[in-house]
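J.: I am sharing work-v1.cif, which consists of mmCIF, C-alpha atoms:
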```
data_final
#
loop_
_atom_site.label_atom_id
_atom_site.label_comp_id
_atom_site.auth_asym_id
_atom_site.auth_seq_id
_atom_site.Cartn_x
_atom_site.Cartn_y
_atom_site.Cartn_z
CA MET E 246 0.27 16.79 -56.34
CA ARG E 247 3.22 18.52 -54.67
CA ARG E 248 5.40 15.42 -55.11
CA LYS E 249 4.49 15.03 -58.78
CA LEU E 250 5.19 18.69 -59.47
CA SER E 251 8.51 18.52 -57.62
CA ASP E 252 9.53 15.38 -59.55
CA ARG E 253 8.79 17.21 -62.81
CA LEU E 254 10.56 20.43 -61.88
CA ARG E 255 13.69 19.01 -60.26
CA PRO E 256 15.41 17.56 -63.37
CA LEU E 257 14.67 20.77 -65.28
CA VAL E 258 16.17 22.90 -62.50
CA GLU E 259 19.18 20.60 -62.10
CA SER E 260 20.08 21.14 -65.78
CA LEU E 261 20.59 24.90 -65.27
CA PRO E 262 23.87 26.69 -64.45
CA ASP E 263 24.76 26.66 -60.77
CA ASP E 264 23.55 30.18 -59.91
CA LEU E 265 20.20 29.71 -61.62
CA LYS E 266 19.86 26.25 -60.12
CA ILE E 267 20.36 27.52 -56.56
CA ALA E 268 17.94 30.40 -57.15
CA LEU E 269 15.19 28.10 -58.43
CA LEU E 270 15.79 25.39 -55.84
CA ALA E 271 15.11 28.11 -53.29
CA ALA E 272 12.17 29.67 -55.15
CA PHE E 273 10.32 26.35 -55.44
CA ALA E 274 11.54 25.09 -52.04
CA LEU E 275 13.11 22.05 -53.69
CA ASP E 276 16.17 22.27 -51.46
CA GLU E 277 15.68 21.03 -47.91
CA ARG E 278 17.59 24.02 -46.55
CA ALA E 279 15.31 26.46 -48.38
CA ARG E 280 11.97 25.01 -47.31
CA LYS E 281 10.79 28.13 -45.59
CA PRO E 282 7.13 29.15 -45.42
CA PHE E 283 7.52 32.57 -47.12
CA TYR E 284 8.92 33.32 -50.55
CA GLN E 285 10.96 36.29 -49.28
CA GLU E 286 12.70 34.03 -46.75
CA ARG E 287 13.65 31.63 -49.55
CA VAL E 288 14.97 34.53 -51.62
CA ARG E 289 17.13 35.65 -48.67
CA TRP E 290 18.53 32.13 -48.30
CA ALA E 291 19.49 32.06 -51.99
CA ALA E 292 20.98 35.57 -51.74
CA SER E 293 23.12 34.51 -48.80
CA THR E 294 24.20 31.29 -50.54
CA LEU E 295 25.12 33.08 -53.77
CA ASP E 296 26.51 36.18 -52.03
CA ARG E 297 24.14 38.42 -53.99
CA ASP E 298 21.47 40.92 -52.99
CA ASP E 299 17.79 40.02 -52.94
CA ARG E 300 16.96 42.02 -56.08
CA THR E 301 19.60 40.18 -58.12
CA VAL E 302 18.32 36.82 -56.90
CA ARG E 303 14.73 37.67 -57.83
CA ARG E 304 15.91 38.62 -61.32
CA ARG E 305 17.84 35.36 -61.63
CA ILE E 306 14.74 33.46 -60.51
CA ASP E 307 12.71 35.08 -63.30
CA GLU E 308 15.41 34.20 -65.84
CA GLY E 309 15.54 30.61 -64.58
CA ILE E 310 11.77 30.20 -64.80
CA GLU E 311 11.84 31.30 -68.43
CA GLN E 312 14.56 28.75 -69.18
CA ILE E 313 12.86 25.78 -67.51
CA ALA E 314 9.57 26.73 -69.20
CA ALA E 315 11.34 26.56 -72.56
CA LEU E 316 12.89 23.21 -71.61
CA ALA E 317 9.52 21.82 -70.52
CA VAL E 318 7.83 22.87 -73.77
CA ALA E 319 10.65 21.37 -75.85
CA ALA E 320 10.43 18.09 -73.94
CA ALA E 321 6.66 17.92 -74.49
CA GLU E 322 6.92 18.14 -78.28
CA PRO E 323 6.21 14.66 -79.68
CA ALA E 324 9.07 12.88 -81.37
CA PRO E 325 8.56 11.59 -84.91
CA ARG E 326 6.78 8.25 -84.83
CA ARG E 327 8.89 5.26 -85.75
CA TYR E 328 5.88 3.40 -87.18
CA PRO E 329 3.30 5.87 -88.53
CA SER E 330 -0.38 5.00 -88.52
CA ARG E 331 -3.25 6.22 -90.68
CA SER E 332 -6.04 5.23 -88.29
CA TRP E 333 -5.06 4.72 -84.63
CA HIS E 334 -2.23 3.44 -82.50
CA THR E 335 -1.79 2.14 -78.97
CA GLU E 336 -0.02 4.53 -76.64
CA GLU E 337 0.05 2.07 -73.76
CA LEU E 338 -0.97 -1.57 -73.38
CA ARG E 339 -0.80 -3.17 -69.93
CA VAL E 340 -1.62 -6.85 -69.54
CA THR E 341 -1.75 -8.98 -66.40
CA LEU E 342 -1.92 -12.72 -67.19
CA ALA E 343 -2.69 -15.26 -64.46
CA ILE E 344 -1.62 -18.74 -65.49
CA ASP E 345 -2.37 -20.19 -62.05
CA GLN E 346 -6.15 -19.98 -62.53
CA PRO E 347 -8.33 -22.98 -63.52
CA VAL E 348 -8.68 -21.19 -66.88
CA PRO E 349 -5.91 -18.65 -67.57
CA GLU E 350 -7.15 -15.06 -67.47
CA ALA E 351 -5.67 -11.89 -68.91
CA PHE E 352 -6.71 -8.38 -67.94
CA GLU E 353 -5.89 -5.86 -70.67
CA PHE E 354 -5.90 -2.12 -70.23
CA ARG E 355 -5.22 -0.18 -73.42
CA ARG E 356 -4.95 3.53 -74.17
CA VAL E 357 -5.22 4.43 -77.83
CA ILE E 358 -4.74 7.66 -79.78
CA ALA E 359 -6.68 8.44 -82.95
CA ASP E 360 -4.45 9.28 -85.93
CA ALA E 361 -7.43 10.25 -88.09
CA ASP E 362 -10.94 11.59 -87.60
CA GLU E 363 -14.06 9.51 -87.05
CA ILE E 364 -12.42 6.45 -85.49
CA ALA E 365 -15.51 4.59 -84.29
CA VAL E 366 -14.31 0.98 -84.06
CA LEU E 367 -11.07 -0.58 -82.81
CA ASP E 368 -10.07 -3.72 -84.71
CA LEU E 369 -8.43 -5.94 -82.12
CA ALA E 370 -7.39 -9.58 -82.25
CA LEU E 371 -6.12 -12.38 -80.02
CA THR E 372 -4.08 -15.38 -81.11
CA LEU E 373 -4.52 -18.74 -79.39
CA PRO E 374 -1.51 -20.77 -80.57
CA VAL E 375 -2.23 -24.23 -81.86
CA SER E 376 0.29 -27.03 -81.67
CA GLY E 377 1.56 -28.00 -85.08
CA GLU E 378 1.11 -31.68 -84.23
CA SER E 379 -2.56 -31.45 -83.31
CA GLY E 380 -3.83 -29.86 -86.49
CA ASP E 381 -6.78 -28.47 -84.52
CA SER E 382 -8.24 -25.07 -85.25
CA VAL E 383 -9.41 -22.52 -82.75
CA HIS E 384 -13.14 -21.87 -82.43
CA GLU E 385 -14.68 -18.56 -81.42
CA SER E 386 -16.13 -20.24 -78.34
CA ASP E 387 -12.59 -21.02 -77.11
CA LEU E 388 -12.11 -17.37 -76.16
CA GLY E 389 -14.10 -15.64 -73.44
CA VAL E 390 -14.17 -11.83 -73.67
CA ASP E 391 -15.60 -9.32 -71.20
CA VAL E 392 -15.55 -5.57 -71.77
CA PHE E 393 -15.06 -3.75 -68.48
CA HIS E 394 -15.10 -0.22 -69.88
CA GLY E 395 -14.54 1.79 -73.02
CA GLY E 396 -16.90 0.31 -75.60
CA VAL E 397 -19.13 -2.50 -76.77
CA LEU E 398 -18.02 -5.75 -78.39
CA ALA E 399 -19.68 -5.47 -81.79
CA GLY E 400 -18.30 -8.49 -83.60
CA ARG E 401 -16.03 -11.53 -83.56
CA VAL E 402 -14.58 -13.32 -86.56
CA LEU E 403 -12.16 -16.19 -87.01
CA GLU E 404 -9.36 -14.61 -89.06
CA SER E 405 -7.17 -17.72 -89.26
CA SER E 406 -6.81 -21.14 -87.68
CA ASP E 407 -5.55 -19.57 -84.44
CA ARG E 408 -6.47 -15.86 -84.55
CA ILE E 409 -9.80 -14.36 -83.50
CA GLY E 410 -10.60 -10.82 -84.59
CA LEU E 411 -12.63 -8.52 -82.35
CA ALA E 412 -14.47 -5.32 -83.24
CA LEU E 413 -14.85 -2.93 -80.30
CA ARG E 414 -17.33 -0.12 -80.98
CA LEU E 415 -16.43 3.03 -79.08
CA PRO E 416 -18.97 5.11 -77.14
CA GLU E 417 -18.46 7.92 -79.68
CA PRO E 418 -16.10 8.43 -82.63
CA LEU E 419 -12.66 9.81 -81.86
CA ARG E 420 -11.19 12.83 -83.55
CA ARG E 421 -7.54 13.01 -84.57
CA GLY E 422 -5.33 13.27 -81.48
CA GLU E 423 -8.00 12.17 -78.99
CA ARG E 424 -7.17 9.48 -76.45
CA HIS E 425 -9.42 6.68 -75.27
CA GLU E 426 -9.00 3.87 -72.72
CA VAL E 427 -10.52 0.40 -72.75
CA GLY E 428 -10.46 -2.43 -70.24
CA LEU E 429 -10.96 -6.06 -71.29
CA ARG E 430 -10.72 -9.52 -69.74
CA PHE E 431 -9.84 -12.61 -71.77
CA ARG E 432 -10.22 -16.25 -70.67
CA ALA E 433 -8.80 -19.14 -72.66
CA ASN E 434 -6.73 -22.28 -72.33
CA LEU E 435 -3.26 -21.63 -73.75
CA ARG E 436 -2.38 -24.47 -76.08
CA GLU E 437 1.26 -23.44 -76.38
CA PRO E 438 3.64 -22.23 -73.60
CA ARG E 439 3.91 -18.61 -74.66
CA TYR E 440 2.10 -15.28 -74.49
CA VAL E 441 2.91 -12.59 -77.01
CA CYS E 442 1.53 -9.36 -78.39
CA VAL E 443 1.46 -9.18 -82.20
CA PRO E 444 0.20 -5.62 -82.76
CA ARG E 445 -1.87 -4.86 -85.82
CA HIS E 446 -1.34 -1.14 -85.26
CA PRO E 447 1.78 0.58 -83.85
CA CYS E 448 2.21 0.28 -80.08
CA ASP E 449 4.37 2.65 -78.02
CA LEU E 450 4.47 0.60 -74.82
CA PHE E 451 3.58 -3.00 -73.93
CA ASP E 452 3.84 -3.86 -70.24
CA LEU E 453 3.27 -7.53 -69.32
CA HIS E 454 2.97 -9.23 -65.93
CA VAL E 455 2.63 -13.02 -65.94
CA ARG E 456 1.79 -14.93 -62.78
CA PHE E 457 2.71 -18.62 -62.68
CA GLY E 458 2.09 -19.02 -58.95
CA ASP E 459 3.47 -22.20 -57.41
CA ARG E 460 4.23 -23.85 -60.77
CA VAL E 461 7.06 -21.75 -62.17
CA PRO E 462 8.50 -23.22 -65.40
CA GLU E 463 12.14 -24.31 -65.45
CA ARG E 464 12.97 -21.86 -68.23
CA ILE E 465 11.30 -18.55 -69.13
CA MET E 466 12.54 -16.56 -72.13
CA ARG E 467 11.90 -13.05 -73.41
CA LEU E 468 10.75 -12.70 -77.02
CA GLU E 469 11.26 -9.33 -78.73
CA LYS E 470 10.47 -8.46 -82.34
CA VAL E 471 10.39 -12.02 -83.57
CA PHE E 472 8.52 -13.18 -86.64
CA PRO E 473 5.35 -15.02 -85.53
CA GLY E 474 5.72 -18.05 -87.78
CA GLY E 475 4.33 -21.51 -87.27
CA ALA E 476 4.80 -23.63 -84.18
CA ASP E 477 8.32 -24.57 -85.25
CA GLY E 478 9.24 -21.03 -86.26
CA TRP E 479 9.48 -19.54 -82.77
CA PRO E 480 13.01 -18.95 -81.50
CA GLY E 481 14.13 -21.49 -78.93
CA THR E 482 16.38 -19.03 -77.15
CA GLY E 483 16.12 -15.52 -75.81
CA ALA E 484 16.99 -13.51 -72.74
CA VAL E 485 16.34 -15.76 -69.75
CA LEU E 486 13.94 -14.37 -67.16
CA ALA E 487 13.73 -15.22 -63.47
CA ALA E 488 10.42 -15.31 -61.62
CA ASP E 489 10.20 -13.48 -58.30
CA ASP E 490 9.17 -15.01 -54.97
CA ALA E 491 5.50 -14.63 -55.92
CA GLY E 492 6.00 -16.70 -59.07
CA GLU E 493 5.68 -13.69 -61.39
CA VAL E 494 7.70 -12.22 -64.24
CA HIS E 495 7.48 -8.70 -65.63
CA VAL E 496 8.63 -7.54 -69.07
CA ARG E 497 8.26 -4.25 -70.91
CA PHE E 498 8.64 -3.37 -74.58
CA ARG E 499 8.67 -0.03 -76.38
CA ASN E 500 8.00 0.99 -79.98
CA LEU E 501 6.51 -2.31 -81.09
CA ALA E 502 6.54 -2.91 -84.84
CA PRO E 503 3.22 -4.07 -86.31
CA GLY E 504 3.27 -7.71 -87.36
CA PHE E 505 6.07 -8.82 -85.01
CA ALA E 506 5.73 -10.68 -81.71
CA TYR E 507 6.72 -9.46 -78.24
CA GLY E 508 6.28 -11.36 -74.99
CA ILE E 509 7.55 -14.46 -73.23
CA ARG E 510 7.93 -18.19 -73.81
CA TRP E 511 8.44 -20.88 -71.21
CA ALA E 512 9.37 -24.54 -71.04
#
```
What is this file in structure tokens?
T.:
Amino acid sequence: MRRKLSDRLRPLVESLPDDLKIALLAAFALDERARKPFYQERVRWAASTLDRDDRTVRRRIDEGIEQIAALAVAAAEPAPRRYPSRSWHTEELRVTLAIDQPVPEAFEFRRVIADADEIAVLDLALTLPVSGESGDSVHESDLGVDVFHGGVLAGRVLESSDRIGLALRLPEPLRRGERHEVGLRFRANLREPRYVCVPRHPCDLFDLHVRFGDRVPERIMRLEKVFPGGADGWPGTGAVLAADDAGEVHVRFRNLAPGFAYGIRWA
């Protein structure tokens, strides 16, 4: 808790003028030289450093606290949303995909925020790409879904030849501004060498880890805000990614636009 608080306070204090910065570094014991057990000892250190008396330093500390409080409040005010939503949006989506399993598995942890009242069901979906040459369609049984926490799977529907829609009923309806977290596991054979997120609702952050294990592809590419067309419509180039020594790649995307694809492709 002390480390988290220090990490939050330090950049605010560092943005102040030098005299206020020294006073607050001492007051909060953020400076190694001022880490004394008693507040009065820290005030004396700041007074000596600034060549001021203790009373002046205490007054400067009060002024500095007011300023960093104002800065903290201003930083906490939400910025205008790039892609507004009338129902709900994803604040954070973290996916870990293991390709090196007998059947690839993806663990998905999602935090959503309600943008309206009485949000009782999350309409989710997963696309299992189908090769354009095969002409096969995906069946609902091709996708295994387990809900670890956050709701009950209330329905599945085949929305297209390769997209399965999922209805996740929440434990209780959300009111506007409320957050909720869900944890899911998906199991399916990937018919095409790619994994992407095509959000139906706005998504602030998508964090993806993919583990290839011992069979790392020769070429791994980053896909960002591409149109999810047919099998021949995916871009053949993108930023090239390198797997680490564990055979894993990690990508992160922010402010995802609904209807576009974000993720990786390999060959």
J.: I would like the residues chosen by the PyMOL selection byres ((chain E and resi 274-288) around 12) on the shown file; could you give them as a PDB file with C-alpha atoms, in the coordinates of the input?
T.:
```
ATOM      1  CA  ARG E 247       3.220  18.520 -54.670  1.00  0.00           C
ATOM      2  CA  ARG E 248       5.400  15.420 -55.110  1.00  0.00           C
ATOM      3  CA  LEU E 250       5.190  18.690 -59.470  1.00  0.00           C
ATOM      4  CA  SER E 251       8.510  18.520 -57.620  1.00  0.00           C
ATOM      5  CA  ASP E 252       9.530  15.380 -59.550  1.00  0.00           C
ATOM      6  CA  ARG E 253       8.790  17.210 -62.810  1.00  0.00           C
ATOM      7  CA  LEU E 254      10.560  20.430 -61.880  1.00  0.00           C
ATOM      8  CA  ARG E 255      13.690  19.010 -60.260  1.00  0.00           C
ATOM      9  CA  PRO E 256      15.410  17.560 -63.370  1.00  0.00           C
ATOM     10  CA  LEU E 257      14.670  20.770 -65.280  1.00  0.00           C
ATOM     11  CA  VAL E 258      16.170  22.900 -62.500  1.00  0.00           C
ATOM     12  CA  GLU E 259      19.180  20.600 -62.100  1.00  0.00           C
ATOM     13  CA  LYS E 266      19.860  26.250 -60.120  1.00  0.00           C
ATOM     14  CA  ILE E 267      20.360  27.520 -56.560  1.00  0.00           C
ATOM     15  CA  ALA E 268      17.940  30.400 -57.150  1.00  0.00           C
ATOM     16  CA  LEU E 269      15.190  28.100 -58.430  1.00  0.00           C
ATOM     17  CA  LEU E 270      15.790  25.390 -55.840  1.00  0.00           C
ATOM     18  CA  ALA E 271      15.110  28.110 -53.290  1.00  0.00           C
ATOM     19  CA  ALA E 272      12.170  29.670 -55.150  1.00  0.00           C
ATOM     20  CA  PHE E 273      10.320  26.350 -55.440  1.00  0.00           C
ATOM     21  CA  ARG E 289      17.130  35.650 -48.670  1.00  0.00           C
ATOM     22  CA  TRP E 290      18.530  32.130 -48.300  1.00  0.00           C
ATOM     23  CA  ALA E 291      19.490  32.060 -51.990  1.00  0.00           C
ATOM     24  CA  ALA E 292      20.980  35.570 -51.740  1.00  0.00           C
ATOM     25  CA  SER E 293      23.120  34.510 -48.800  1.00  0.00           C
ATOM     26  CA  THR E 294      24.200  31.290 -50.540  1.00  0.00           C
ATOM     27  CA  LEU E 295      25.120  33.080 -53.770  1.00  0.00           C
ATOM     28  CA  ASP E 296      26.510  36.180 -52.030  1.00  0.00           C
ATOM     29  CA  ARG E 297      24.140  38.420 -53.990  1.00  0.00           C
ATOM     30  CA  ASP E 298      21.470  40.920 -52.990  1.00  0.00           C
ATOM     31  CA  ASP E 299      17.790  40.020 -52.940  1.00  0.00           C
ATOM     32  CA  ARG E 300      16.960  42.020 -56.080  1.00  0.00           C
ATOM     33  CA  THR E 301      19.600  40.180 -58.120  1.00  0.00           C
ATOM     34  CA  VAL E 302      18.320  36.820 -56.900  1.00  0.00           C
ATOM     35  CA  ARG E 303      14.730  37.670 -57.830  1.00  0.00           C
ATOM     36  CA  ARG E 304      15.910  38.620 -61.320  1.00  0.00           C
ATOM     37  CA  ARG E 305      17.840  35.360 -61.630  1.00  0.00           C
ATOM     38  CA  ILE E 306      14.740  33.460 -60.510  1.00  0.00           C
ATOM     39  CA  ASP E 307      12.710  35.080 -63.300  1.00  0.00           C
TER      40      ASP E 307
END
```
J.: With all atoms listed in the file as the basis for distance, which of E:Lys470, E:Arg421, E:Lys249, E:Arg464 is at the shortest distance from E:Glu363?
T.: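 The shortest atom-to-atom distance to E:Glu363 comes from E:Arg421.
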J.: Kindly extract all protein, DNA and RNA residues lying within 8 Å of the coordinates (3.6, -8.8, -79.3) given in the file, considering all atoms listed in the file, and supply them as an NGL selection string.
T.: :E and (441-444 or 451 or 469-470 or 501 or 505-508)
J.: Could you give me, as a VMD selection string, the residues that sit within 10 Å of (-5.2, -7.4, -88.9) in the file's coordinates, counting only C-alpha atoms?
T.: chain E and resid 368 to 370 404 408 to 411 443 to 446 503 to 504
J.: Can you list, as a list in words, the residues that the PyMOL selection byres ((chain E and resi 497) around 10) selects here?
T.: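 On the file shown, the PyMOL selection byres ((chain E and resi 497) around 10) covers Leu338, Arg339, Leu450, Phe451, Asp452, Leu453, His454, Arg467, Glu469, His495, Val496, Phe498, Arg499, Tyr507 and Gly508 of chain E.
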J.: Have a look at atom CA of E:Ala365 and atom CA of E:Ser332 and let me know their distance in Å, one decimal.
T.: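 Answer for the atom CA of E:Ala365 to atom CA of E:Ser332 separation: 10.3 Å.
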J.: When you draw a straight line from atom CA of E:Glu337 to atom CA of E:Phe354, how long is it in Å?
T.: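 Taking atom CA of E:Glu337 as the start and atom CA of E:Phe354 as the end point, the length is 8.1 Å.
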J.: To one decimal place in Å, what is the distance between atom CA of E:Asp345 and atom CA of E:Arg510?
T.: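 It comes out at 15.8 Å.
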J.: To test the calculation: enclose all listed atoms of stretch 418-433 of chain E in a box whose edges run along x, y and z, add 6 Å on each side, then state centre and edge lengths in Å to one decimal, as AutoDock Vina command-line options.
T.:
```
--center_x -10.7 --center_y -2.9 --center_z -77.2 --size_x 22.8 --size_y 44.4 --size_z 26.8
```
J.: List the spatial neighbours of E:His425 as a tab-separated table (two decimals) with C-alpha atoms, in the frame of the given file - criterion: any atom at most 12 Å away, only C-alpha atoms, same-chain residues fewer than 3 positions off excluded.
T.:
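In the end it all went to around.tsv:
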```
chain	number	residue	atom	x	y	z
E	333	TRP	CA	-5.06	4.72	-84.63
E	334	HIS	CA	-2.23	3.44	-82.50
E	335	THR	CA	-1.79	2.14	-78.97
E	336	GLU	CA	-0.02	4.53	-76.64
E	337	GLU	CA	0.05	2.07	-73.76
E	338	LEU	CA	-0.97	-1.57	-73.38
E	354	PHE	CA	-5.90	-2.12	-70.23
E	355	ARG	CA	-5.22	-0.18	-73.42
E	356	ARG	CA	-4.95	3.53	-74.17
E	357	VAL	CA	-5.22	4.43	-77.83
E	358	ILE	CA	-4.74	7.66	-79.78
E	359	ALA	CA	-6.68	8.44	-82.95
E	364	ILE	CA	-12.42	6.45	-85.49
E	365	ALA	CA	-15.51	4.59	-84.29
E	366	VAL	CA	-14.31	0.98	-84.06
E	367	LEU	CA	-11.07	-0.58	-82.81
E	394	HIS	CA	-15.10	-0.22	-69.88
E	395	GLY	CA	-14.54	1.79	-73.02
E	396	GLY	CA	-16.90	0.31	-75.60
E	414	ARG	CA	-17.33	-0.12	-80.98
E	415	LEU	CA	-16.43	3.03	-79.08
E	416	PRO	CA	-18.97	5.11	-77.14
E	417	GLU	CA	-18.46	7.92	-79.68
E	418	PRO	CA	-16.10	8.43	-82.63
E	419	LEU	CA	-12.66	9.81	-81.86
E	420	ARG	CA	-11.19	12.83	-83.55
E	421	ARG	CA	-7.54	13.01	-84.57
E	422	GLY	CA	-5.33	13.27	-81.48
E	428	GLY	CA	-10.46	-2.43	-70.24
```
J.: Measuring between all atoms listed in the file, which one of E:Met466, E:Leu486, E:Ala319, E:Arg432 shows the shortest distance to E:Pro347?
T.: E:Arg432
J.: Nearest residue to E:Leu316 out of E:Pro329, E:Gln346, E:Ser260, E:Leu468, using all atoms listed in the file?
T.: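 Of E:Pro329, E:Gln346, E:Ser260, E:Leu468, the one nearest E:Leu316 is E:Ser260, counting all atoms listed in the file.
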J.: With the PyMOL selection byres ((chain E and resi 344) around 12) as the selection, what would be picked from this file? Answer as a PyMOL selection string, please.
T.: chain E and resi 341-343+345-352+432-435+438-440+454-462+492-494+511
J.: For E:Ala502, which residue out of E:Glu463, E:Asp449, E:Asp489, E:Asp362 is the nearest one, using all atoms listed in the file?
T.: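 Between E:Glu463, E:Asp449, E:Asp489, E:Asp362, the residue approaching E:Ala502 most closely is E:Asp449.
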